[in-house]
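Enquirer: My structure is in query.cif, and what it holds is mmCIF, C-alpha atoms and all ligand atoms:
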data_work
loop_
_atom_site.label_atom_id
_atom_site.label_comp_id
_atom_site.auth_asym_id
_atom_site.auth_seq_id
_atom_site.Cartn_x
_atom_site.Cartn_y
_atom_site.Cartn_z
CA MET A 18 94.28 79.78 101.26
CA GLN A 19 97.20 80.96 103.34
CA ALA A 20 100.55 81.43 101.57
CA ARG A 21 103.66 80.28 103.44
CA GLU A 22 107.25 81.08 102.56
CA ILE A 23 108.58 77.50 102.30
CA ILE A 24 106.70 74.22 102.58
CA VAL A 25 108.76 71.08 103.20
CA ILE A 26 106.82 67.97 102.17
CA GLY A 27 107.91 65.12 104.46
CA GLY A 28 109.03 65.35 108.08
CA GLY A 29 111.68 62.63 108.36
CA ALA A 30 115.30 63.37 109.21
CA ILE A 31 115.90 65.07 105.85
CA GLY A 32 112.79 67.27 105.95
CA LEU A 33 113.32 68.28 109.58
CA ALA A 34 117.03 69.04 109.23
CA THR A 35 116.52 71.03 106.02
CA ALA A 36 113.66 73.00 107.58
CA ILE A 37 115.86 73.84 110.58
CA GLU A 38 118.74 75.01 108.40
CA LEU A 39 116.39 77.25 106.41
CA ARG A 40 114.77 78.60 109.55
CA LEU A 41 118.21 79.51 110.92
CA LEU A 42 118.80 81.48 107.71
CA GLY A 43 115.56 83.40 108.34
CA ALA A 44 112.91 81.49 106.38
CA LYS A 45 109.37 80.89 107.55
CA VAL A 46 108.93 77.14 107.19
CA THR A 47 106.03 74.68 107.38
CA ILE A 48 106.53 70.91 107.33
CA LEU A 49 103.71 68.72 106.04
CA SER A 50 104.00 65.12 107.24
CA LYS A 51 101.73 62.27 106.21
CA ASP A 52 102.87 59.99 109.02
CA PHE A 53 105.72 60.99 111.33
CA LYS A 54 106.05 57.47 112.78
CA ALA A 55 106.49 55.86 109.36
CA ALA A 56 109.66 57.81 108.57
CA ALA A 57 112.68 55.63 107.81
CA GLY A 58 114.61 57.66 110.35
CA HIS A 59 112.83 55.83 113.17
CA ALA A 60 113.68 52.44 111.65
CA ALA A 61 117.35 52.96 110.84
CA ALA A 62 120.43 51.66 112.66
CA GLY A 63 122.07 55.09 112.73
CA MET A 64 125.44 53.95 111.45
CA LEU A 65 127.68 56.69 110.08
CA ALA A 66 129.62 54.33 107.91
CA PRO A 67 131.03 55.69 104.64
CA GLN A 68 134.12 53.51 104.99
CA ALA A 69 132.53 50.34 106.38
CA GLU A 70 129.93 50.53 103.59
CA GLN A 71 132.89 50.47 101.16
CA ILE A 72 131.38 53.20 99.03
CA PRO A 73 133.54 53.47 95.90
CA THR A 74 135.65 56.58 95.28
CA GLY A 75 133.54 59.25 93.58
CA SER A 76 130.79 61.76 94.29
CA MET A 77 128.87 59.55 96.74
CA LEU A 78 131.95 58.91 98.86
CA ASP A 79 132.83 62.64 98.77
CA LEU A 80 129.31 63.48 99.93
CA CYS A 81 129.32 60.86 102.69
CA LEU A 82 132.75 61.86 104.00
CA ALA A 83 131.75 65.54 103.98
CA SER A 84 128.66 64.69 106.01
CA ARG A 85 130.57 62.52 108.49
CA GLU A 86 132.92 65.46 108.97
CA LEU A 87 130.00 67.80 109.70
CA TYR A 88 128.37 65.44 112.21
CA PRO A 89 129.94 66.43 115.55
CA SER A 90 129.39 70.18 115.21
CA TRP A 91 125.99 69.76 113.55
CA VAL A 92 124.71 67.42 116.27
CA GLN A 93 125.98 69.83 118.90
CA LYS A 94 124.05 72.64 117.20
CA ILE A 95 120.80 70.64 117.10
CA GLU A 96 121.26 69.48 120.71
CA SER A 97 121.89 73.00 121.93
CA ILE A 98 118.63 74.18 120.36
CA SER A 99 116.56 71.18 121.48
CA GLY A 100 118.20 70.22 124.77
CA ILE A 101 117.91 66.55 123.66
CA ASN A 102 121.00 64.36 123.34
CA ALA A 103 121.14 62.57 119.97
CA GLY A 104 123.51 59.79 121.03
CA TYR A 105 126.31 60.65 118.60
CA TRP A 106 129.19 58.27 119.26
CA GLN A 107 132.35 58.02 117.19
CA CYS A 108 132.85 54.46 118.38
CA GLY A 109 134.53 53.16 115.22
CA ILE A 110 133.28 50.32 113.05
CA LEU A 111 134.91 46.90 112.90
CA ALA A 112 134.13 44.83 109.79
CA PRO A 113 135.02 41.19 110.64
CA ARG A 114 135.48 38.71 107.77
CA TYR A 115 135.03 34.93 107.58
CA THR A 116 137.32 34.67 104.55
CA GLN A 117 140.61 36.30 103.70
CA THR A 118 139.79 39.25 101.44
CA GLU A 119 141.74 42.01 99.79
CA GLN A 120 143.95 43.63 102.38
CA ASN A 121 144.54 47.35 102.74
CA SER A 122 145.78 49.63 105.50
CA ALA A 123 142.53 49.10 107.44
CA TRP A 124 143.06 45.30 107.60
CA LEU A 125 143.66 43.65 110.97
CA ALA A 126 144.88 40.07 111.17
CA ALA A 127 142.95 37.49 113.21
CA PRO A 128 144.80 37.88 116.54
CA THR A 129 144.38 41.66 116.46
CA VAL A 130 140.68 41.49 115.56
CA HIS A 131 139.94 38.97 118.32
CA ALA A 132 141.96 41.06 120.78
CA GLN A 133 140.07 44.20 119.81
CA GLN A 134 136.68 42.49 120.13
CA ALA A 135 136.30 39.57 122.49
CA GLY A 136 133.48 37.12 121.76
CA LEU A 137 133.56 37.14 117.95
CA SER A 138 132.96 33.88 116.09
CA GLU A 139 136.07 31.71 116.06
CA SER A 140 135.71 31.49 112.27
CA ILE A 141 136.61 35.16 111.86
CA VAL A 142 139.99 35.36 110.07
CA GLY A 143 140.53 39.12 110.22
CA GLY A 144 138.72 42.34 109.56
CA TYR A 145 138.80 46.00 108.66
CA TRP A 146 138.89 48.72 111.30
CA TYR A 147 137.44 52.16 110.53
CA PRO A 148 137.98 54.35 113.60
CA ALA A 149 136.45 57.49 112.04
CA ASP A 150 133.10 55.80 111.32
CA GLY A 151 130.54 55.71 114.12
CA GLN A 152 126.87 56.04 114.92
CA VAL A 153 124.09 58.28 116.11
CA ASP A 154 121.01 57.06 117.97
CA ASN A 155 118.69 57.82 115.07
CA ARG A 156 115.51 57.79 117.16
CA ALA A 157 117.04 60.22 119.63
CA LEU A 158 118.24 62.30 116.69
CA ILE A 159 114.71 62.50 115.27
CA ARG A 160 113.39 63.52 118.72
CA SER A 161 116.11 66.13 118.95
CA LEU A 162 115.40 67.45 115.44
CA PHE A 163 111.67 67.58 116.09
CA SER A 164 112.11 69.41 119.37
CA ALA A 165 114.60 71.85 117.77
CA SER A 166 112.10 72.54 114.99
CA GLN A 167 109.45 73.38 117.61
CA SER A 168 111.83 75.64 119.56
CA LEU A 169 112.59 77.53 116.36
CA GLY A 170 108.93 78.09 115.55
CA ILE A 171 108.72 75.76 112.56
CA GLU A 172 105.15 74.70 111.93
CA PHE A 173 104.97 70.87 111.83
CA VAL A 174 101.63 69.51 110.64
CA ASP A 175 101.44 65.74 111.12
CA GLY A 176 98.73 63.57 109.59
CA VAL A 177 98.39 65.67 106.45
CA ALA A 178 99.17 63.97 103.14
CA VAL A 179 100.04 65.95 100.05
CA GLU A 180 97.93 64.27 97.37
CA THR A 181 98.63 66.30 94.23
CA ILE A 182 101.20 68.89 93.28
CA HIS A 183 99.58 71.36 90.88
CA HIS A 184 101.72 73.29 88.45
CA CYS A 185 101.36 75.81 85.68
CA GLN A 186 104.16 75.40 83.15
CA ASN A 187 107.37 75.27 85.20
CA ARG A 188 105.99 76.62 88.51
CA ILE A 189 104.18 74.83 91.32
CA THR A 190 100.98 76.71 92.00
CA GLN A 191 99.54 74.82 94.97
CA LEU A 192 99.39 71.55 96.86
CA GLU A 193 96.21 69.56 97.19
CA THR A 194 96.35 67.91 100.60
CA SER A 195 94.11 65.69 102.72
CA GLN A 196 93.27 68.92 104.61
CA GLY A 197 92.67 71.24 101.66
CA SER A 198 94.83 73.42 99.41
CA MET A 199 98.09 75.00 100.55
CA SER A 200 100.64 77.13 98.81
CA ALA A 201 104.06 78.65 99.41
CA GLN A 202 106.73 80.55 97.53
CA HIS A 203 109.01 77.51 97.49
CA TYR A 204 108.56 73.76 98.07
CA ILE A 205 111.01 71.04 99.11
CA LEU A 206 110.21 67.42 98.42
CA ALA A 207 111.58 65.22 101.26
CA THR A 208 109.17 62.32 101.09
CA GLY A 209 111.70 59.48 101.19
CA ALA A 210 110.49 56.12 99.83
CA TRP A 211 107.07 57.62 98.96
CA SER A 212 108.44 60.25 96.54
CA GLN A 213 107.22 58.54 93.38
CA GLN A 214 103.64 58.88 94.59
CA LEU A 215 103.95 62.64 94.01
CA LEU A 216 106.40 63.10 91.14
CA PRO A 217 107.79 60.82 88.41
CA ILE A 218 111.23 60.39 89.96
CA GLU A 219 113.29 57.24 90.33
CA VAL A 220 112.80 56.38 94.01
CA VAL A 221 111.40 53.03 95.16
CA PRO A 222 111.00 51.49 98.63
CA ARG A 223 113.53 48.90 99.81
CA LYS A 224 112.27 47.26 102.97
CA GLY A 225 114.57 46.60 105.90
CA GLN A 226 113.65 44.48 108.92
CA MET A 227 115.45 45.07 112.21
CA LEU A 228 115.40 43.92 115.81
CA SER A 229 117.05 44.79 119.09
CA VAL A 230 118.19 42.81 122.12
CA LEU A 231 119.01 44.05 125.62
CA VAL A 232 122.31 43.56 127.40
CA PRO A 233 121.43 41.58 130.57
CA PRO A 234 121.73 43.69 133.77
CA GLU A 235 124.73 41.74 135.10
CA GLN A 236 126.79 42.67 131.97
CA ARG A 237 125.98 46.38 131.96
CA ASP A 238 128.98 47.56 133.99
CA ARG A 239 131.15 47.04 130.95
CA LEU A 240 129.10 46.68 127.74
CA PRO A 241 130.20 43.60 125.74
CA LEU A 242 130.32 45.70 122.56
CA GLN A 243 131.95 49.13 122.40
CA GLN A 244 132.04 49.44 118.61
CA VAL A 245 129.77 48.67 115.69
CA LEU A 246 130.26 45.26 114.05
CA PHE A 247 129.68 45.45 110.30
CA GLY A 248 129.64 41.81 109.18
CA GLU A 249 129.33 40.40 105.68
CA GLU A 250 125.61 39.72 106.06
CA ILE A 251 124.64 41.54 109.25
CA TYR A 252 125.43 44.58 111.35
CA ILE A 253 125.31 44.85 115.13
CA VAL A 254 125.12 48.31 116.67
CA PRO A 255 125.56 48.71 120.44
CA ARG A 256 123.84 51.71 121.99
CA ARG A 257 125.00 53.28 125.22
CA ASP A 258 121.56 52.65 126.74
CA ASP A 259 122.09 48.83 126.86
CA LYS A 260 120.24 48.08 123.62
CA ILE A 261 121.94 46.32 120.74
CA ILE A 262 120.45 46.95 117.28
CA ILE A 263 120.63 44.12 114.72
CA GLY A 264 119.96 44.68 111.03
CA ALA A 265 118.98 44.53 108.35
CA THR A 266 117.21 42.72 105.57
CA SER A 267 117.03 44.32 102.15
CA GLU A 268 113.82 43.34 100.39
CA ASP A 269 112.20 44.38 97.15
CA VAL A 270 108.58 43.91 98.31
CA GLY A 271 107.10 47.39 97.83
CA PHE A 272 105.46 48.77 100.98
CA ALA A 273 104.60 45.32 102.44
CA PRO A 274 104.46 45.99 106.20
CA GLN A 275 105.43 43.91 109.26
CA ASN A 276 108.27 41.64 110.29
CA THR A 277 108.30 38.13 108.83
CA PRO A 278 109.59 34.85 110.30
CA GLN A 279 112.09 34.58 107.43
CA GLY A 280 113.36 38.12 107.93
CA VAL A 281 113.77 37.81 111.69
CA GLN A 282 115.33 34.35 111.36
CA GLN A 283 117.86 35.67 108.83
CA LEU A 284 118.89 38.42 111.24
CA LEU A 285 119.13 36.17 114.29
CA THR A 286 121.08 33.45 112.47
CA ALA A 287 123.67 35.85 111.08
CA ALA A 288 123.97 37.89 114.29
CA THR A 289 124.47 34.93 116.63
CA ARG A 290 126.96 33.40 114.19
CA LEU A 291 129.07 36.55 114.19
CA PHE A 292 128.73 37.32 117.91
CA PRO A 293 127.53 34.16 119.68
CA LEU A 294 127.17 35.89 123.06
CA LEU A 295 123.94 37.45 121.76
CA GLN A 296 122.06 34.15 121.73
CA ASP A 297 120.97 34.47 125.36
CA PHE A 298 120.17 38.18 125.35
CA PRO A 299 116.46 39.02 125.64
CA ILE A 300 114.80 40.25 122.45
CA HIS A 301 113.56 43.78 123.04
CA GLU A 302 111.78 44.86 119.85
CA THR A 303 111.30 44.06 116.18
CA TRP A 304 110.44 46.63 113.49
CA TRP A 305 110.75 47.46 109.82
CA GLY A 306 111.13 50.48 107.55
CA PHE A 307 111.47 51.56 103.94
CA ARG A 308 114.69 52.93 102.50
CA PRO A 309 114.27 55.37 99.62
CA ALA A 310 116.28 53.56 96.92
CA THR A 311 117.45 54.98 93.59
CA PRO A 312 118.83 52.98 90.63
CA ASP A 313 122.44 54.07 91.29
CA GLU A 314 122.07 54.29 95.10
CA LEU A 315 122.93 58.01 95.11
CA PRO A 316 120.43 60.55 96.47
CA ILE A 317 118.46 62.93 94.28
CA LEU A 318 119.30 66.45 95.43
CA GLY A 319 118.79 69.88 93.94
CA ALA A 320 116.65 71.49 91.27
CA SER A 321 113.55 69.80 89.86
CA ALA A 322 111.56 70.34 86.68
CA TYR A 323 109.88 73.25 88.51
CA ASP A 324 111.58 76.55 89.39
CA ASN A 325 110.08 76.64 92.89
CA LEU A 326 110.48 73.00 93.94
CA THR A 327 113.74 71.48 95.21
CA LEU A 328 114.36 67.75 95.61
CA ALA A 329 115.90 66.16 98.72
CA THR A 330 115.16 62.46 98.48
CA GLY A 331 116.52 59.02 97.52
CA HIS A 332 119.04 58.69 100.36
CA TYR A 333 118.67 54.91 100.34
CA ARG A 334 120.83 53.26 103.05
CA ASN A 335 122.83 56.34 104.10
CA GLY A 336 120.19 58.96 104.83
CA ILE A 337 121.04 59.37 108.50
CA LEU A 338 124.70 59.83 107.61
CA LEU A 339 123.76 62.28 104.84
CA THR A 340 121.33 64.40 106.87
CA PRO A 341 123.72 67.24 107.84
CA ILE A 342 125.23 67.72 104.38
CA THR A 343 121.82 67.48 102.69
CA ALA A 344 120.34 70.13 104.96
CA LYS A 345 123.28 72.45 104.31
CA LEU A 346 123.39 71.95 100.53
CA ILE A 347 119.63 72.33 100.09
CA ALA A 348 119.37 75.36 102.37
CA ASP A 349 122.23 77.10 100.53
CA LEU A 350 120.62 76.30 97.20
CA VAL A 351 117.13 77.47 98.17
CA TRP A 352 118.07 80.51 100.24
CA HIS A 353 121.27 81.74 98.57
CA GLN A 354 120.85 80.11 95.10
CA LYS A 355 124.32 78.66 95.74
CA ALA A 356 124.78 75.28 94.04
CA ASP A 357 127.68 73.42 95.62
CA GLY A 358 129.79 71.28 93.28
CA LEU A 359 128.80 68.22 95.33
CA LEU A 360 125.30 68.52 93.81
CA SER A 361 126.42 68.19 90.21
CA ASP A 362 126.12 64.37 90.01
CA LEU A 363 122.91 64.18 92.06
CA SER A 364 120.36 65.71 89.70
CA TRP A 365 117.08 63.83 89.03
CA GLU A 366 117.81 64.25 85.32
CA ARG A 367 120.68 61.74 85.39
CA PHE A 368 118.12 58.93 84.93
CA ASN A 369 116.34 60.65 82.01
CA LEU A 370 119.31 61.12 79.70
C1 LIG B 401 116.08 49.28 108.22
C2 LIG B 401 116.84 50.53 107.85
C3 LIG B 401 118.14 50.72 108.32
C4 LIG B 401 118.82 51.90 107.98
N1 LIG B 401 120.06 52.11 108.52
C5 LIG B 401 120.73 53.25 108.23
C6 LIG B 401 122.00 53.51 108.81
O1 LIG B 401 122.50 52.73 109.61
N2 LIG B 401 122.63 54.67 108.48
C7 LIG B 401 122.10 55.59 107.62
O2 LIG B 401 122.74 56.60 107.34
N3 LIG B 401 120.88 55.36 107.05
C8 LIG B 401 120.18 54.23 107.34
N4 LIG B 401 118.97 54.00 106.78
C9 LIG B 401 118.47 54.91 105.76
C10 LIG B 401 117.81 56.15 106.35
O3 LIG B 401 116.95 55.78 107.41
C11 LIG B 401 117.00 56.87 105.28
O4 LIG B 401 117.78 57.07 104.12
C12 LIG B 401 116.53 58.23 105.79
O5 LIG B 401 115.90 58.10 107.03
C13 LIG B 401 115.59 58.87 104.78
O6 LIG B 401 115.09 60.04 105.39
P1 LIG B 401 113.95 60.89 104.69
O7 LIG B 401 113.67 62.02 105.60
O8 LIG B 401 114.34 61.17 103.28
O9 LIG B 401 112.72 59.89 104.57
P2 LIG B 401 111.77 59.33 105.75
O10 LIG B 401 112.52 59.31 107.04
O11 LIG B 401 111.19 58.05 105.28
O12 LIG B 401 110.67 60.44 105.86
C14 LIG B 401 109.77 60.69 104.83
C15 LIG B 401 108.51 61.25 105.46
O13 LIG B 401 107.70 61.80 104.41
C16 LIG B 401 106.36 61.55 104.71
N5 LIG B 401 105.58 61.59 103.47
C17 LIG B 401 105.63 60.71 102.45
N6 LIG B 401 104.75 61.05 101.49
C18 LIG B 401 104.13 62.16 101.92
C19 LIG B 401 103.10 62.99 101.38
N7 LIG B 401 102.54 62.71 100.19
N8 LIG B 401 102.69 64.07 102.09
C20 LIG B 401 103.24 64.37 103.29
N9 LIG B 401 104.22 63.61 103.85
C21 LIG B 401 104.66 62.53 103.17
C22 LIG B 401 106.36 60.16 105.32
O14 LIG B 401 105.20 59.96 106.11
C23 LIG B 401 107.64 60.21 106.17
O15 LIG B 401 107.38 60.60 107.48
C24 LIG B 401 118.23 52.85 107.13
C25 LIG B 401 116.92 52.68 106.68
C26 LIG B 401 116.22 51.53 107.05
C27 LIG B 401 114.80 51.37 106.58
#
Please lay out the structure from this file as structure tokens.
Expert:
Amino acid sequence: MQAREIIVIGGGAIGLATAIELRLLGAKVTILSKDFKAAAGHAAAGMLAPQAEQIPTGSMLDLCLASRELYPSWVQKIESISGINAGYWQCGILAPRYTQTEQNSAWLAAPTVHAQQAGLSESIVGGYWYPADGQVDNRALIRSLFSASQSLGIEFVDGVAVETIHHCQNRITQLETSQGSMSAQHYILATGAWSQQLLPIEVVPRKGQMLSVLVPPEQRDRLPLQQVLFGEEIYIVPRRDDKIIIGATSEDVGFAPQNTPQGVQQLLTAATRLFPLLQDFPIHETWWGFRPATPDELPILGASAYDNLTLATGHYRNGILLTPITAKLIADLVWHQKADGLLSDLSWERFNL
């Protein structure tokens, strides 16, 4: 049995980014990944939307805003290591509304909203504009993170499932995996929606179905959407590569795979109602993924019941947004034993009190 300095269990956006941060601090890191392709990071829309999501004031909003702030420089760092562009785009997010709602400084009246975005449903009566929100092309980000991890010499073992975490009192002693036993000085659990299969923590899968359409060639000179539309029941995310991402359902169906007629119909109905131009665009792809949901929708970050295992899971619908801050907080905690104040409300123990 070969001992490694740090083993990260799970190679999605959170596991990869945390491993990279630790490697840059000098750690020797191995990532164990059951199924790289199943990671929610491949399925997401990539919105960086703390304001459009209307996250209430408090620790979650503080965390999300801190991560949005980190994004440009963090992406640049990852891209400079990997050489792969992650499609970060601070395009702003427009949240159109069919009914007059509470107005604040972000509210735009109907004429302004329709002037800002041509082609919206005529039933739109106004909307909120969040210029600091944006997006990253999450699939490109994952490619960039993976490539950066390889450039930095991080060992990434795909197709190996951790089956049991053995412990003796309050220390993890070894992992039983589908390829034998492994051990390290420290472990990080970044297994997303699958976390409860390894430890009794409050994370369950919440399925999301998605699809994409392609902007027809004759409209590509000037893309019909230059900002994310965050509707009441749908979001529409234009990429710079002529794809438009449409999402997402939110279903409590465990790990039931595949797209369903009902799910796809729900997306298409809501998307073409909000932005009717889409109805003639060719469908490019459909897919689904599993968000790691917690009871209060906040992630579970920081210490665990074991001295040498740190938790980085439960990012629910904002895990792409929260990737840079999670990697920084967890690396500082593991490497420097520095617990940032942002972690204080995110302990796993909050559900056991
Ligand atoms: C449809 C959809 C839309 C979304 N849209 C957005 C969005 O617009 N913006 C945003 O910020 N977030 C979004 N999210 C949420 C975001 O994708 C997730 O919160 C984030 O990707 C979680 O990352 P993770 O690394 O924790 O988990 P994952 O990316 O799911 O990775 C976990 C990995 O761990 C591996 N694993 C699991 N168990 C084991 C084991 N026992 N041994 C070894 N490996 C294991 C899995 O195979 C997987 O590869 C969306 C999610 C979905 C599903």
Enquirer: Hey, which of A:Thr74, A:Asn187, A:Thr327, A:Ser212 ends up closest to ligand LIG 401 (chain B)? Count only C-alpha atoms and all ligand atoms.
Expert: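 Of the candidates, the smallest distance to ligand LIG 401 (chain B) is held by A:Ser212.
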Enquirer: Give as a ChimeraX atom specification the residues surrounding ligand LIG 401 (chain B) up to a distance of 7 Å, considering all atoms listed in the file.
Expert: /A:26-32,49-58,60-65,177-180,207-212,214-215,224-227,264-265,305-309,329-339
Enquirer: Sorted by chain and rising residue number, list the residues of segment 237-349 of chain A at most 7 Å from segment 125-146 of chain A (counting all atoms listed in the file), each with its closest atom pair and distance in Å to one decimal, as JSON lines.
Expert:
{"residue": "A:Arg290", "atom": "CA", "partner": "A:Ser138", "partner_atom": "CA", "distance": 6.3}
{"residue": "A:Leu291", "atom": "CA", "partner": "A:Ser138", "partner_atom": "CA", "distance": 5.1}
{"residue": "A:Phe292", "atom": "CA", "partner": "A:Leu137", "partner_atom": "CA", "distance": 4.8}
{"residue": "A:Pro293", "atom": "CA", "partner": "A:Ser138", "partner_atom": "CA", "distance": 6.5}
{"residue": "A:Leu294", "atom": "CA", "partner": "A:Gly136", "partner_atom": "CA", "distance": 6.6}
Enquirer: Write out, as CSV, each residue of segment 70-119 of chain A that has an atom at most 8 Å from segment 232-255 of chain A, together with the closest pair of atoms and their distance in Å to one decimal, counting only C-alpha atoms, rows going by chain and rising number.
Expert:
residue,atom,partner,partner_atom,distance
A:Cys108,CA,A:Gln244,CA,5.1
A:Gly109,CA,A:Gln244,CA,5.6
A:Ile110,CA,A:Val245,CA,4.7
A:Leu111,CA,A:Leu246,CA,5.1
A:Ala112,CA,A:Phe247,CA,4.5
A:Pro113,CA,A:Gly248,CA,5.6
A:Arg114,CA,A:Glu249,CA,6.7
Enquirer: Return the single residue from A:Val351, A:Gln93, A:Ala310, A:Leu326 that is closest to Ser200 of chain A, with distances computed using all atoms listed in the file.
Expert: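 With all atoms listed in the file as the atom set, the closest residue is A:Leu326.
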Enquirer: For Ser76 of chain A, which residue out of A:Glu22, A:Asp349, A:Asp362, A:Asp175 is the nearest one, using only C-alpha atoms?
Expert: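 The answer is A:Asp362, which sits nearest to Ser76 of chain A.
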Enquirer: Rounded to one decimal in Å, what is the spacing between atom CA of Ile205 of chain A and atom CA of Gln191 of chain A?
Expert: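 Here the two named atoms are 12.8 Å from each other.
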Enquirer: Which one of A:Thr343, A:Ser195, A:Asn121, A:Gln202 sits closest to Leu360 of chain A if you count all atoms listed in the file?
Expert: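 Using all atoms listed in the file, Leu360 of chain A sits closest to A:Thr343.
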Enquirer: Which one of A:Thr181, A:Ile300, A:Pro148, A:Ser90 sits closest to Gly197 of chain A if you count only C-alpha atoms?
Expert: A:Thr181
Enquirer: If you measure from atom CA of Pro89 of chain A to atom CA of Asn102 of chain A, what distance in Å do you get, rounded to one decimal?
Expert: 12.0 Å
Enquirer: If you count only C-alpha atoms, which residues fall within 10 Å of Glu366 of chain A, apart from same-chain ones fewer than 3 positions away, as a short mmCIF file (atom, residue, chain, number, x, y, z; two decimals) with C-alpha atoms, in the coordinates of the input?
Expert:
data_model
loop_
_atom_site.label_atom_id
_atom_site.label_comp_id
_atom_site.auth_asym_id
_atom_site.auth_seq_id
_atom_site.Cartn_x
_atom_site.Cartn_y
_atom_site.Cartn_z
CA ILE A 218 111.23 60.39 89.96
CA GLU A 219 113.29 57.24 90.33
CA ILE A 317 118.46 62.93 94.28
CA ALA A 320 116.65 71.49 91.27
CA SER A 321 113.55 69.80 89.86
CA ALA A 322 111.56 70.34 86.68
CA ASP A 362 126.12 64.37 90.01
CA LEU A 363 122.91 64.18 92.06
CA ASN A 369 116.34 60.65 82.01
CA LEU A 370 119.31 61.12 79.70
#
Enquirer: Please report the interatomic distance between atom CA of Ile171 of chain A and atom CA of Ile98 of chain A in Å with one decimal.
Expert: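 Taking atom CA of Ile171 of chain A and atom CA of Ile98 of chain A, their separation equals 12.7 Å.
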Enquirer: Produce the centre coordinates and the three edge lengths, each in Å to one decimal, of the box along x, y and z that contains all listed atoms of segment 44-47 of chain A with 3 Å added on each side, as JSON.
Expert:
{"center_x": 109.5, "center_y": 78.1, "center_z": 107.0, "size_x": 12.9, "size_y": 12.8, "size_z": 7.2}
